[in-house]
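Okay, target_37.cif is below, mmCIF, C-alpha atoms:
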```cif
data_work
loop_
_atom_site.label_atom_id
_atom_site.label_comp_id
_atom_site.auth_asym_id
_atom_site.auth_seq_id
_atom_site.Cartn_x
_atom_site.Cartn_y
_atom_site.Cartn_z
CA MET A 1 0.00 0.00 0.00
CA LYS A 2 1.03 3.57 -0.66
CA ARG A 3 -0.08 6.60 1.26
CA TYR A 4 -1.58 9.56 -0.58
CA GLU A 5 -2.36 13.06 0.61
CA VAL A 6 -5.76 14.29 -0.56
CA PHE A 7 -6.49 17.88 -1.60
CA LEU A 8 -9.93 19.17 -2.57
CA LYS A 9 -11.06 22.38 -4.16
CA LYS A 10 -14.46 23.85 -4.76
CA ASP A 11 -15.01 25.60 -8.07
CA GLY A 12 -14.56 29.35 -7.83
CA ARG A 13 -11.81 31.23 -6.04
CA ASP A 14 -11.18 28.84 -3.13
CA GLU A 15 -7.75 27.29 -3.01
CA TYR A 16 -7.00 23.58 -2.77
CA ARG A 17 -7.18 22.43 0.83
CA HIS A 18 -5.73 19.39 2.49
CA ALA A 19 -8.59 17.00 3.30
CA GLY A 20 -6.73 14.04 4.75
CA SER A 21 -4.84 11.00 3.60
CA LEU A 22 -5.57 7.67 2.05
CA ASP A 23 -4.04 4.22 1.64
CA ALA A 24 -4.21 2.62 -1.81
CA PRO A 25 -2.10 0.16 -3.81
CA ASP A 26 -1.67 2.39 -6.87
CA ASP A 27 -2.63 5.75 -8.41
CA GLU A 28 -5.74 4.45 -10.17
CA LEU A 29 -7.20 2.89 -7.03
CA ALA A 30 -6.19 5.95 -5.02
CA LEU A 31 -8.43 8.02 -7.32
CA VAL A 32 -11.27 5.52 -7.10
CA LEU A 33 -11.08 5.24 -3.31
CA ALA A 34 -10.59 8.97 -2.73
CA ARG A 35 -13.87 9.61 -4.52
CA GLU A 36 -15.77 7.52 -1.97
CA THR A 37 -13.67 8.40 1.08
CA TYR A 38 -13.55 12.18 0.64
CA LEU A 39 -16.15 13.15 -1.97
CA ARG A 40 -19.22 11.16 -0.95
CA ARG A 41 -21.15 14.35 -0.28
CA ALA A 42 -19.70 16.48 -3.08
CA GLU A 43 -17.16 18.13 -0.76
CA GLY A 44 -15.16 19.36 -3.74
CA ASP A 45 -15.24 19.81 -7.50
CA ARG A 46 -11.57 19.05 -8.09
CA LEU A 47 -9.22 16.52 -6.58
CA TRP A 48 -5.46 16.31 -6.24
CA LEU A 49 -3.72 13.27 -4.87
CA VAL A 50 -0.06 13.35 -3.95
CA ASN A 51 1.85 10.17 -3.32
CA ARG A 52 3.53 10.87 0.01
CA ALA A 53 6.75 9.35 -1.34
CA HIS A 54 6.90 12.26 -3.77
CA LEU A 55 6.62 14.97 -1.14
CA VAL A 56 9.69 17.11 -0.46
CA VAL A 57 9.78 17.20 3.32
CA GLY A 58 11.54 19.58 5.69
CA ASP A 59 11.79 17.87 9.06
CA THR A 60 11.46 19.60 12.42
CA ASP A 61 15.25 19.86 12.98
CA PHE A 62 15.57 21.60 9.64
CA VAL A 63 12.72 23.99 10.37
CA ALA A 64 13.40 24.71 14.08
CA PRO A 65 16.29 27.26 14.02
CA ASN A 66 13.99 30.04 12.82
CA ALA A 67 11.77 29.65 15.86
CA ASP A 68 14.20 31.73 18.00
CA LYS A 69 14.32 34.92 15.90
CA PRO A 70 11.71 37.16 17.49
CA HIS A 71 13.06 40.20 15.62
CA ARG A 72 11.54 38.70 12.46
CA HIS A 73 8.11 38.94 14.01
CA ASN A 74 7.73 42.59 13.16
CA ASP A 75 4.28 43.30 14.50
CA GLY A 76 5.16 46.95 15.19
CA ALA A 77 4.62 46.65 18.98
CA ARG A 78 8.18 47.61 19.89
CA ILE A 79 8.18 50.58 17.53
CA ALA A 80 4.82 51.73 18.82
CA GLU A 81 6.09 51.46 22.40
CA ARG A 82 9.18 53.53 21.56
CA ARG A 83 7.14 56.26 19.81
CA ARG A 84 4.70 56.42 22.71
CA ARG A 85 7.56 56.84 25.14
CA LEU A 86 9.18 59.60 23.03
CA ARG A 87 5.88 61.44 22.74
CA GLU A 88 5.39 61.36 26.50
CA GLU A 89 8.97 62.50 27.11
CA GLY A 90 8.42 65.35 24.63
CA ARG A 91 5.32 66.52 26.46
CA SER A 92 6.92 66.56 29.87
CA MET B 1 -51.66 6.15 -17.51
CA THR B 2 -50.08 5.15 -20.79
CA GLY B 3 -47.19 2.92 -21.76
CA PRO B 4 -46.75 -0.80 -21.98
CA TRP B 5 -47.71 -2.23 -18.62
CA ASN B 6 -49.16 -5.64 -17.83
CA ALA B 7 -48.43 -8.69 -15.67
CA ASP B 8 -45.60 -9.87 -17.96
CA ILE B 9 -43.77 -6.55 -17.93
CA ARG B 10 -44.21 -6.49 -14.18
CA GLU B 11 -42.43 -9.85 -13.85
CA PHE B 12 -39.65 -8.63 -16.11
CA VAL B 13 -38.97 -5.44 -14.12
CA LEU B 14 -39.38 -7.22 -10.79
CA ALA B 15 -36.63 -9.72 -11.64
CA PHE B 16 -34.21 -6.89 -12.36
CA ALA B 17 -35.23 -5.18 -9.12
CA ASP B 18 -34.69 -8.36 -7.10
CA ASP B 19 -31.19 -8.83 -8.51
CA GLU B 20 -30.23 -5.23 -7.77
CA HIS B 21 -31.69 -5.43 -4.28
CA LEU B 22 -29.95 -8.65 -3.24
CA MET B 23 -26.65 -7.61 -4.84
CA GLY B 24 -26.79 -4.34 -2.90
CA GLN B 25 -27.67 -6.18 0.30
CA GLN B 26 -24.74 -8.58 -0.14
CA HIS B 27 -22.27 -5.74 -0.75
CA THR B 28 -23.47 -3.82 2.27
CA GLU B 29 -22.84 -6.85 4.47
CA TRP B 30 -19.12 -6.03 4.02
CA ILE B 31 -19.52 -2.79 5.98
CA GLY B 32 -16.92 -2.81 8.73
CA VAL B 33 -15.20 -6.02 7.60
CA ALA B 34 -13.80 -5.18 4.15
CA PRO B 35 -10.01 -5.61 3.90
CA PHE B 36 -9.16 -1.96 4.60
CA LEU B 37 -10.97 1.21 5.58
CA GLU B 38 -11.05 2.95 2.21
CA GLU B 39 -12.33 -0.19 0.52
CA ASP B 40 -14.95 -0.57 3.22
CA LEU B 41 -16.33 2.86 2.31
CA ALA B 42 -16.11 2.34 -1.45
CA PHE B 43 -17.71 -1.08 -1.47
CA SER B 44 -20.58 -0.13 0.79
CA SER B 45 -21.20 2.94 -1.38
CA ILE B 46 -21.45 0.69 -4.39
CA GLY B 47 -23.88 -1.50 -2.48
CA GLN B 48 -25.89 1.61 -1.64
CA ASP B 49 -26.02 2.53 -5.33
CA GLU B 50 -27.39 -0.91 -6.18
CA LEU B 51 -30.03 -0.54 -3.47
CA GLY B 52 -30.92 2.79 -5.06
CA HIS B 53 -31.39 1.11 -8.43
CA ALA B 54 -33.55 -1.52 -6.75
CA THR B 55 -35.68 1.21 -5.14
CA THR B 56 -36.23 2.82 -8.54
CA LEU B 57 -37.17 -0.49 -10.16
CA TYR B 58 -39.52 -1.48 -7.31
CA ALA B 59 -41.07 1.98 -7.60
CA ILE B 60 -41.77 1.37 -11.28
CA VAL B 61 -43.56 -1.84 -10.28
CA ALA B 62 -45.39 -0.21 -7.39
CA SER B 63 -46.65 2.59 -9.66
CA ASP B 64 -47.62 0.19 -12.45
CA GLY B 65 -45.13 1.74 -14.85
CA ASP B 66 -46.79 5.15 -14.61
CA PRO B 67 -44.54 7.47 -16.69
CA ASP B 68 -45.72 10.54 -14.79
CA ARG B 69 -44.74 9.32 -11.34
CA ASP B 70 -41.51 10.55 -9.74
CA ILE B 71 -39.70 7.27 -9.20
CA GLY B 72 -36.13 8.60 -9.29
CA THR B 73 -35.66 8.21 -5.57
CA GLY B 74 -38.85 6.33 -4.90
CA ALA B 75 -40.22 9.56 -3.42
CA GLY B 76 -43.34 9.55 -5.57
CA VAL B 77 -44.37 6.11 -4.36
CA ASP B 78 -45.73 4.95 -1.02
CA ASP B 79 -42.86 3.44 1.02
CA ARG B 80 -45.09 0.64 2.24
CA ARG B 81 -45.67 -0.55 -1.31
CA LEU B 82 -41.91 -0.59 -1.89
CA ASP B 83 -41.27 -2.47 1.35
CA ALA B 84 -43.96 -5.01 0.49
CA LEU B 85 -42.05 -5.82 -2.69
CA ALA B 86 -38.52 -5.53 -1.33
CA PHE B 87 -39.14 -7.59 1.82
CA ASP B 88 -41.77 -9.97 0.50
CA PRO B 89 -41.73 -12.95 2.87
CA ASP B 90 -42.99 -15.33 0.16
CA PRO B 91 -40.01 -17.04 -1.56
CA LEU B 92 -42.27 -17.99 -4.48
CA ARG B 93 -42.65 -14.33 -5.41
CA TRP B 94 -38.90 -13.74 -5.87
CA ARG B 95 -37.14 -13.84 -9.25
CA SER B 96 -33.54 -13.24 -8.15
CA SER B 97 -30.66 -15.07 -9.81
CA HIS B 98 -28.75 -17.57 -7.69
CA LEU B 99 -25.56 -15.52 -8.14
CA VAL B 100 -26.88 -12.71 -5.97
CA GLU B 101 -28.32 -15.11 -3.39
CA ALA B 102 -25.04 -16.97 -2.82
CA VAL B 103 -22.97 -16.56 0.31
CA THR B 104 -19.48 -15.23 -0.38
CA ASP B 105 -17.71 -15.33 2.93
CA ASP B 106 -14.30 -14.46 1.58
CA TRP B 107 -13.26 -11.24 -0.08
CA ALA B 108 -12.00 -12.92 -3.28
CA HIS B 109 -15.45 -14.31 -4.02
CA ALA B 110 -17.12 -11.01 -3.15
CA LEU B 111 -14.81 -9.11 -5.47
CA VAL B 112 -15.18 -11.56 -8.37
CA ARG B 113 -18.96 -11.50 -8.00
CA HIS B 114 -18.87 -7.68 -7.95
CA TRP B 115 -16.99 -7.69 -11.27
CA LEU B 116 -19.13 -10.40 -12.89
CA TYR B 117 -22.37 -8.81 -11.79
CA ASP B 118 -21.51 -5.25 -12.74
CA ASP B 119 -20.15 -6.22 -16.12
CA ALA B 120 -23.36 -8.10 -16.91
CA GLU B 121 -25.42 -5.28 -15.41
CA GLN B 122 -23.97 -2.85 -17.93
CA LEU B 123 -25.27 -5.03 -20.79
CA ARG B 124 -28.60 -5.39 -19.04
CA TRP B 125 -29.16 -1.64 -18.68
CA GLU B 126 -28.11 -1.12 -22.30
CA LEU B 127 -30.96 -3.37 -23.41
CA VAL B 128 -33.51 -1.11 -21.73
CA ALA B 129 -31.82 2.24 -22.44
CA ASP B 130 -34.38 2.99 -25.18
CA SER B 131 -37.24 1.20 -23.49
CA THR B 132 -40.82 2.01 -24.44
CA LEU B 133 -41.42 1.90 -20.68
CA GLU B 134 -40.29 5.48 -20.05
CA PRO B 135 -39.40 5.22 -16.35
CA LEU B 136 -37.20 2.23 -17.13
CA ALA B 137 -35.31 4.12 -19.84
CA GLY B 138 -34.82 6.96 -17.35
CA ALA B 139 -33.57 4.53 -14.72
CA ALA B 140 -31.04 3.15 -17.22
CA THR B 141 -29.63 6.62 -17.84
CA ARG B 142 -29.33 7.34 -14.13
CA ALA B 143 -27.83 3.94 -13.37
CA GLU B 144 -25.04 4.34 -15.90
CA ARG B 145 -23.96 7.54 -14.14
CA GLU B 146 -22.98 5.27 -11.23
CA GLU B 147 -22.16 2.04 -12.99
CA TRP B 148 -19.04 3.29 -14.79
CA PHE B 149 -17.58 3.89 -11.35
CA HIS B 150 -18.50 0.41 -10.12
CA ARG B 151 -16.70 -1.13 -13.08
CA ARG B 152 -13.67 1.09 -12.61
CA HIS B 153 -13.51 0.09 -8.94
CA ALA B 154 -13.73 -3.64 -9.69
CA ASP B 155 -11.25 -3.38 -12.57
CA GLY B 156 -8.83 -1.32 -10.50
CA LEU B 157 -8.71 -3.98 -7.81
CA LEU B 158 -8.40 -6.85 -10.28
CA ASP B 159 -5.60 -5.01 -12.15
CA VAL B 160 -3.60 -4.96 -8.93
CA LEU B 161 -4.56 -8.36 -7.50
CA LEU B 162 -4.71 -10.73 -10.48
CA PRO B 163 -0.95 -10.54 -11.21
CA THR B 164 -0.16 -11.12 -7.51
CA PRO B 165 0.62 -14.84 -6.93
CA ASN B 166 -1.54 -15.73 -3.94
CA ALA B 167 -4.32 -13.22 -4.63
CA GLY B 168 -4.49 -14.14 -8.32
CA ASP B 169 -4.96 -17.82 -7.51
CA ARG B 170 -7.70 -17.08 -5.01
CA LEU B 171 -9.52 -14.90 -7.53
CA ARG B 172 -9.31 -17.52 -10.28
CA THR B 173 -10.61 -20.16 -7.85
CA ALA B 174 -13.49 -17.85 -6.99
CA LEU B 175 -14.20 -17.36 -10.69
CA VAL B 176 -14.45 -21.11 -11.27
CA ASP B 177 -16.80 -21.40 -8.27
CA LEU B 178 -19.02 -18.52 -9.33
CA MET B 179 -19.30 -18.92 -13.11
CA PRO B 180 -22.01 -21.60 -13.01
CA LEU B 181 -24.10 -19.25 -10.86
CA ALA B 182 -23.22 -16.16 -12.84
CA VAL B 183 -24.52 -17.51 -16.16
CA GLY B 184 -27.88 -17.82 -14.37
CA LEU B 185 -28.13 -14.03 -14.62
CA PHE B 186 -28.98 -14.56 -18.27
CA ASP B 187 -31.69 -17.13 -17.51
CA PRO B 188 -34.76 -15.67 -19.23
CA VAL B 189 -37.24 -14.48 -16.67
CA ALA B 190 -40.96 -14.87 -17.17
CA GLY B 191 -42.22 -11.88 -19.10
CA GLU B 192 -39.03 -11.30 -21.08
CA VAL B 193 -40.55 -12.47 -24.38
CA GLN B 194 -43.41 -10.01 -23.96
CA ALA B 195 -41.02 -7.28 -22.81
CA VAL B 196 -39.03 -7.66 -26.02
CA ALA B 197 -42.18 -7.83 -28.17
CA SER B 198 -43.46 -4.55 -26.75
CA GLY B 199 -40.12 -2.75 -26.94
CA VAL B 200 -39.60 -2.62 -23.19
CA ALA B 201 -36.28 -4.39 -23.83
CA ALA B 202 -34.34 -4.31 -27.10
CA ALA B 203 -33.52 -8.04 -27.05
CA PRO B 204 -33.46 -11.02 -24.69
CA PHE B 205 -30.63 -10.73 -22.15
CA ASP B 206 -29.12 -14.08 -23.14
CA THR B 207 -28.32 -12.68 -26.60
CA ARG B 208 -25.51 -10.78 -24.85
CA MET B 209 -24.14 -13.74 -22.92
CA SER B 210 -21.41 -14.80 -25.36
CA GLU B 211 -20.11 -11.22 -25.43
CA TRP B 212 -20.06 -11.22 -21.64
CA VAL B 213 -18.26 -14.60 -21.46
CA ASP B 214 -15.58 -13.22 -23.81
CA ARG B 215 -15.16 -10.26 -21.49
CA VAL B 216 -14.79 -12.62 -18.53
CA ARG B 217 -12.12 -14.61 -20.37
CA ASN B 218 -10.18 -11.49 -21.29
CA ARG B 219 -10.47 -10.00 -17.84
CA PHE B 220 -9.26 -13.04 -15.93
CA GLY B 221 -6.92 -14.34 -18.62
CA VAL B 222 -8.26 -17.86 -18.29
CA ASP B 223 -9.57 -20.49 -20.65
CA LEU B 224 -12.97 -21.15 -19.23
CA PRO B 225 -14.57 -24.44 -20.04
CA THR B 226 -17.27 -24.09 -22.66
CA ILE B 227 -20.12 -22.25 -21.06
CA GLU B 228 -23.46 -23.70 -21.95
CA THR B 229 -26.52 -21.53 -21.88
CA PRO B 230 -28.32 -22.92 -18.84
CA THR B 231 -31.67 -24.61 -19.19
CA PRO B 232 -34.21 -21.84 -18.63
CA THR B 233 -36.04 -22.11 -15.33
CA GLY B 234 -37.80 -18.76 -15.45
CA ARG B 235 -35.96 -18.03 -12.19
CA THR B 236 -38.81 -19.53 -10.22
CA THR B 237 -36.66 -21.61 -7.86
CA ARG B 238 -34.69 -20.22 -4.93
CA SER B 239 -31.28 -21.45 -3.88
CA GLU B 240 -30.47 -22.73 -0.39
CA ALA B 241 -28.84 -19.42 0.47
CA PHE B 242 -32.02 -17.46 -0.16
CA GLY B 243 -33.86 -18.30 3.07
CA PRO B 244 -31.13 -17.15 5.44
CA LEU B 245 -30.54 -14.03 3.30
CA LEU B 246 -34.22 -13.08 3.42
CA SER B 247 -34.22 -13.67 7.20
CA ARG B 248 -31.25 -11.33 7.60
CA MET B 249 -33.00 -8.67 5.54
CA ARG B 250 -36.26 -9.06 7.46
CA GLU B 251 -34.62 -9.35 10.85
CA VAL B 252 -35.81 -5.99 12.13
CA LEU B 253 -39.18 -6.11 10.39
CA ASP B 254 -39.89 -9.50 11.94
CA LEU B 255 -39.22 -8.23 15.46
CA ASP B 256 -42.63 -6.62 15.34
CA PRO B 257 -44.66 -7.41 12.23
CA ALA B 258 -47.42 -5.02 13.31
CA ALA B 259 -45.14 -2.01 13.66
CA ILE B 260 -45.66 0.91 11.32
CA TRP B 261 -42.42 2.24 9.85
#
```
Can you dump the structure from the file as structure tokens?
Amino acid sequence: MKRYEVFLKKDGRDEYRHAGSLDAPDDELALVLARETYLRRAEGDRLWLVNRAHLVVGDTDFVAPNADKPHRHNDGARIAERRRRLREEGRS
Amino acid sequence: MTGPWNADIREFVLAFADDEHLMGQQHTEWIGVAPFLEEDLAFSSIGQDELGHATTLYAIVASDGDPDRDIGTGAGVDDRRLDALAFDPDPLRWRSSHLVEAVTDDWAHALVRHWLYDDAEQLRWELVADSTLEPLAGAATRAEREEWFHRRHADGLLDVLLPTPNAGDRLRTALVDLMPLAVGLFDPVAGEVQAVASGVAAAPFDTRMSEWVDRVRNRFGVDLPTIETPTPTGRTTRSEAFGPLLSRMREVLDLDPAAIW
């Protein structure tokens, strides 16, 4: 058996969304089985299946180093705090 | 009411309905015990489709072939009339083929029967696609919207499993077991002659049997022994498996025969 990742999209401007995964022996049966496992109630108009073996995967060790760089989270809070402080100093 | 409807046509449609009903019932009995989850869902969906076809065909019978009745989902027909046909306790009334009555307690037999039945079913619907009985022609069109998927499902599994040593042998054994029953699908049912004469069906079903046997040979890659057209019985006898099957189907109904559903 191979494992496939299932993506569905409604017609219109919605993007493809991950719906789940599926076990099947080959591509043809993956299509057949995905139709009944994920599209029984017309949940999408289009279907993508990706054999998980074909995914390019970044593991957690590869991804983790960027979790400790708060300066890249520029939400403006530090700048706003600095400007508020300068304004108050200017008034006093 | 117009259209060709009489006791013969009724028999003819009822036999088709019985086959669809029992085939659907048999498939649905794999719910929860099919070999893997995705197949469980797919196979029970296919069974549900066959039950839907049966509902439509019983509705044609229950409405006496009325072309103006909404029989697509059975909604235009009283449920109780459908149930009376679908769960008829009298074995003498039934016209099912022995193929759909048989017990298949292993997956190989269930899968082979699924392929054999659906391949023959395609030919059967084709024969009524231009039926003078309008609701039947409509049912044929709707059925084919689902049947292509049934065939693709069965073929997809056989494509993978037949070349596999152990699985392939089990499937070929199942084929040998089931072929004598499967040819019974083509056994002319009472009413077929009249159905053909009035244009309800384009031709007798058994005129398509040799084409179907060729397809079986090609599909399974086997030299089947010469298949004789079975002696017609009019499908009036039930196999040993029928009684227990009917009991399973009526299990809830029989708990309280007076209950209103």
Report the residues retrieved by the PyMOL selection byres ((chain B) within 9 of (chain A)) from the displayed file, expressed as a compact mmCIF listing (two decimals) with C-alpha atoms, keeping the file's coordinate frame.
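Writing done, so here's selection_22.txt:
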```txt
# COMPACT_ATOMS: atom_id res chain seq x y z
CA PHE B 36 -9.16 -1.96 4.60
CA LEU B 37 -10.97 1.21 5.58
CA GLU B 38 -11.05 2.95 2.21
CA GLU B 39 -12.33 -0.19 0.52
CA LEU B 41 -16.33 2.86 2.31
CA ALA B 42 -16.11 2.34 -1.45
CA PHE B 43 -17.71 -1.08 -1.47
CA SER B 45 -21.20 2.94 -1.38
CA PHE B 149 -17.58 3.89 -11.35
CA ARG B 152 -13.67 1.09 -12.61
CA HIS B 153 -13.51 0.09 -8.94
CA GLY B 156 -8.83 -1.32 -10.50
CA LEU B 157 -8.71 -3.98 -7.81
CA VAL B 160 -3.60 -4.96 -8.93
```
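For the pair CA of Ala7 in chain B and CA of Arg124 in chain B, the interatomic distance is 20.4 Å.
The smallest atom-to-atom distance between Gly199 in chain B and any of B:Ile9, B:Val33, B:Ala139, B:Val112, using all atoms listed in the file, is found for B:Ile9.
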Find the residues near Ala202 in chain B: any atom within 7 Å, counting all atoms listed in the file, skip ones fewer than 2 places away on the same chain, and give them as a PDB file with C-alpha atoms, in the coordinates of the input.
```pdb
ATOM      1  CA  LEU B 127     -30.960  -3.370 -23.410  1.00  0.00           C
ATOM      2  CA  VAL B 128     -33.510  -1.110 -21.730  1.00  0.00           C
ATOM      3  CA  VAL B 196     -39.030  -7.660 -26.020  1.00  0.00           C
ATOM      4  CA  GLY B 199     -40.120  -2.750 -26.940  1.00  0.00           C
ATOM      5  CA  VAL B 200     -39.600  -2.620 -23.190  1.00  0.00           C
TER       6      VAL B 200
END
```
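Here the PyMOL selection byres ((chain A and resi 52-54) around 10) matches the residues Lys2, Arg3, Tyr4, Glu5, Val6, Ser21, Leu22, Leu49, Val50, Asn51, Leu55, Val56 and Val57 of chain A.
Residues in contact range of Arg46 in chain A, defined as at most 10 Å between all atoms listed in the file, with sequence neighbours fewer than 3 positions away removed, read Phe7, Leu8, Lys9, Lys10, Asp11, Tyr16, Leu39, Ala42 and Glu43 of chain A.
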Test item: the PyMOL selection byres ((chain B and resi 44) around 10) resolved as a compact mmCIF listing (two decimals) with C-alpha atoms, in the coordinates of the input:
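Result file follows (result-v1.txt):
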```txt
# COMPACT_ATOMS: atom_id res chain seq x y z
CA GLU A 36 -15.77 7.52 -1.97
CA GLY B 24 -26.79 -4.34 -2.90
CA GLN B 25 -27.67 -6.18 0.30
CA GLN B 26 -24.74 -8.58 -0.14
CA HIS B 27 -22.27 -5.74 -0.75
CA THR B 28 -23.47 -3.82 2.27
CA GLU B 29 -22.84 -6.85 4.47
CA TRP B 30 -19.12 -6.03 4.02
CA ILE B 31 -19.52 -2.79 5.98
CA GLY B 32 -16.92 -2.81 8.73
CA ALA B 34 -13.80 -5.18 4.15
CA GLU B 39 -12.33 -0.19 0.52
CA ASP B 40 -14.95 -0.57 3.22
CA LEU B 41 -16.33 2.86 2.31
CA ALA B 42 -16.11 2.34 -1.45
CA PHE B 43 -17.71 -1.08 -1.47
CA SER B 45 -21.20 2.94 -1.38
CA ILE B 46 -21.45 0.69 -4.39
CA GLY B 47 -23.88 -1.50 -2.48
CA GLN B 48 -25.89 1.61 -1.64
CA ASP B 49 -26.02 2.53 -5.33
CA GLU B 50 -27.39 -0.91 -6.18
```
Could you state the separation of CA of Asp130 in chain B and CA of Trp94 in chain B in Å, given to one decimal place?
25.9 Å
What is the distance, in Å and to one decimal place, between CA of Asp90 in chain B and CA of Ala259 in chain B?
19.1 Å
Find the residue from B:Asp159, B:Asp8, B:Asp19, B:Asp119 that sits nearest to Gly221 in chain B; use only C-alpha atoms when measuring.
B:Asp159
Non-local contacts of Asp206 in chain B (10 Å; all atoms listed in the file; under 2 positions in same chain excluded) as number ranges by chain:
B: 124, 183-188, 203-204, 208-212, 229-230
Can I get the selected residues back with C-alpha atoms, as a short mmCIF file (atom, residue, chain, number, x, y, z; two decimals), in the frame of the given file?
```cif
data_model
loop_
_atom_site.label_atom_id
_atom_site.label_comp_id
_atom_site.auth_asym_id
_atom_site.auth_seq_id
_atom_site.Cartn_x
_atom_site.Cartn_y
_atom_site.Cartn_z
CA ARG B 124 -28.60 -5.39 -19.04
CA VAL B 183 -24.52 -17.51 -16.16
CA GLY B 184 -27.88 -17.82 -14.37
CA LEU B 185 -28.13 -14.03 -14.62
CA PHE B 186 -28.98 -14.56 -18.27
CA ASP B 187 -31.69 -17.13 -17.51
CA PRO B 188 -34.76 -15.67 -19.23
CA ALA B 203 -33.52 -8.04 -27.05
CA PRO B 204 -33.46 -11.02 -24.69
CA ARG B 208 -25.51 -10.78 -24.85
CA MET B 209 -24.14 -13.74 -22.92
CA SER B 210 -21.41 -14.80 -25.36
CA GLU B 211 -20.11 -11.22 -25.43
CA TRP B 212 -20.06 -11.22 -21.64
CA THR B 229 -26.52 -21.53 -21.88
CA PRO B 230 -28.32 -22.92 -18.84
#
```
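Residues with any atom within 10 Å of range 162-171 of chain B, counting all atoms listed in the file and excluding same-chain neighbours fewer than 6 positions away, are Asp106, Trp107, Ala108, His109, Ala110, Leu111, Val112, Asp177, Arg219, Phe220 and Gly221 of chain B.
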Coordinates of box centre and edge lengths for range 197-200 of chain B, 4 Å on every side, axis-aligned, as JSON:
```
{"center_x": -41.5, "center_y": -5.2, "center_z": -25.7, "size_x": 11.9, "size_y": 13.2, "size_z": 13.0}
```
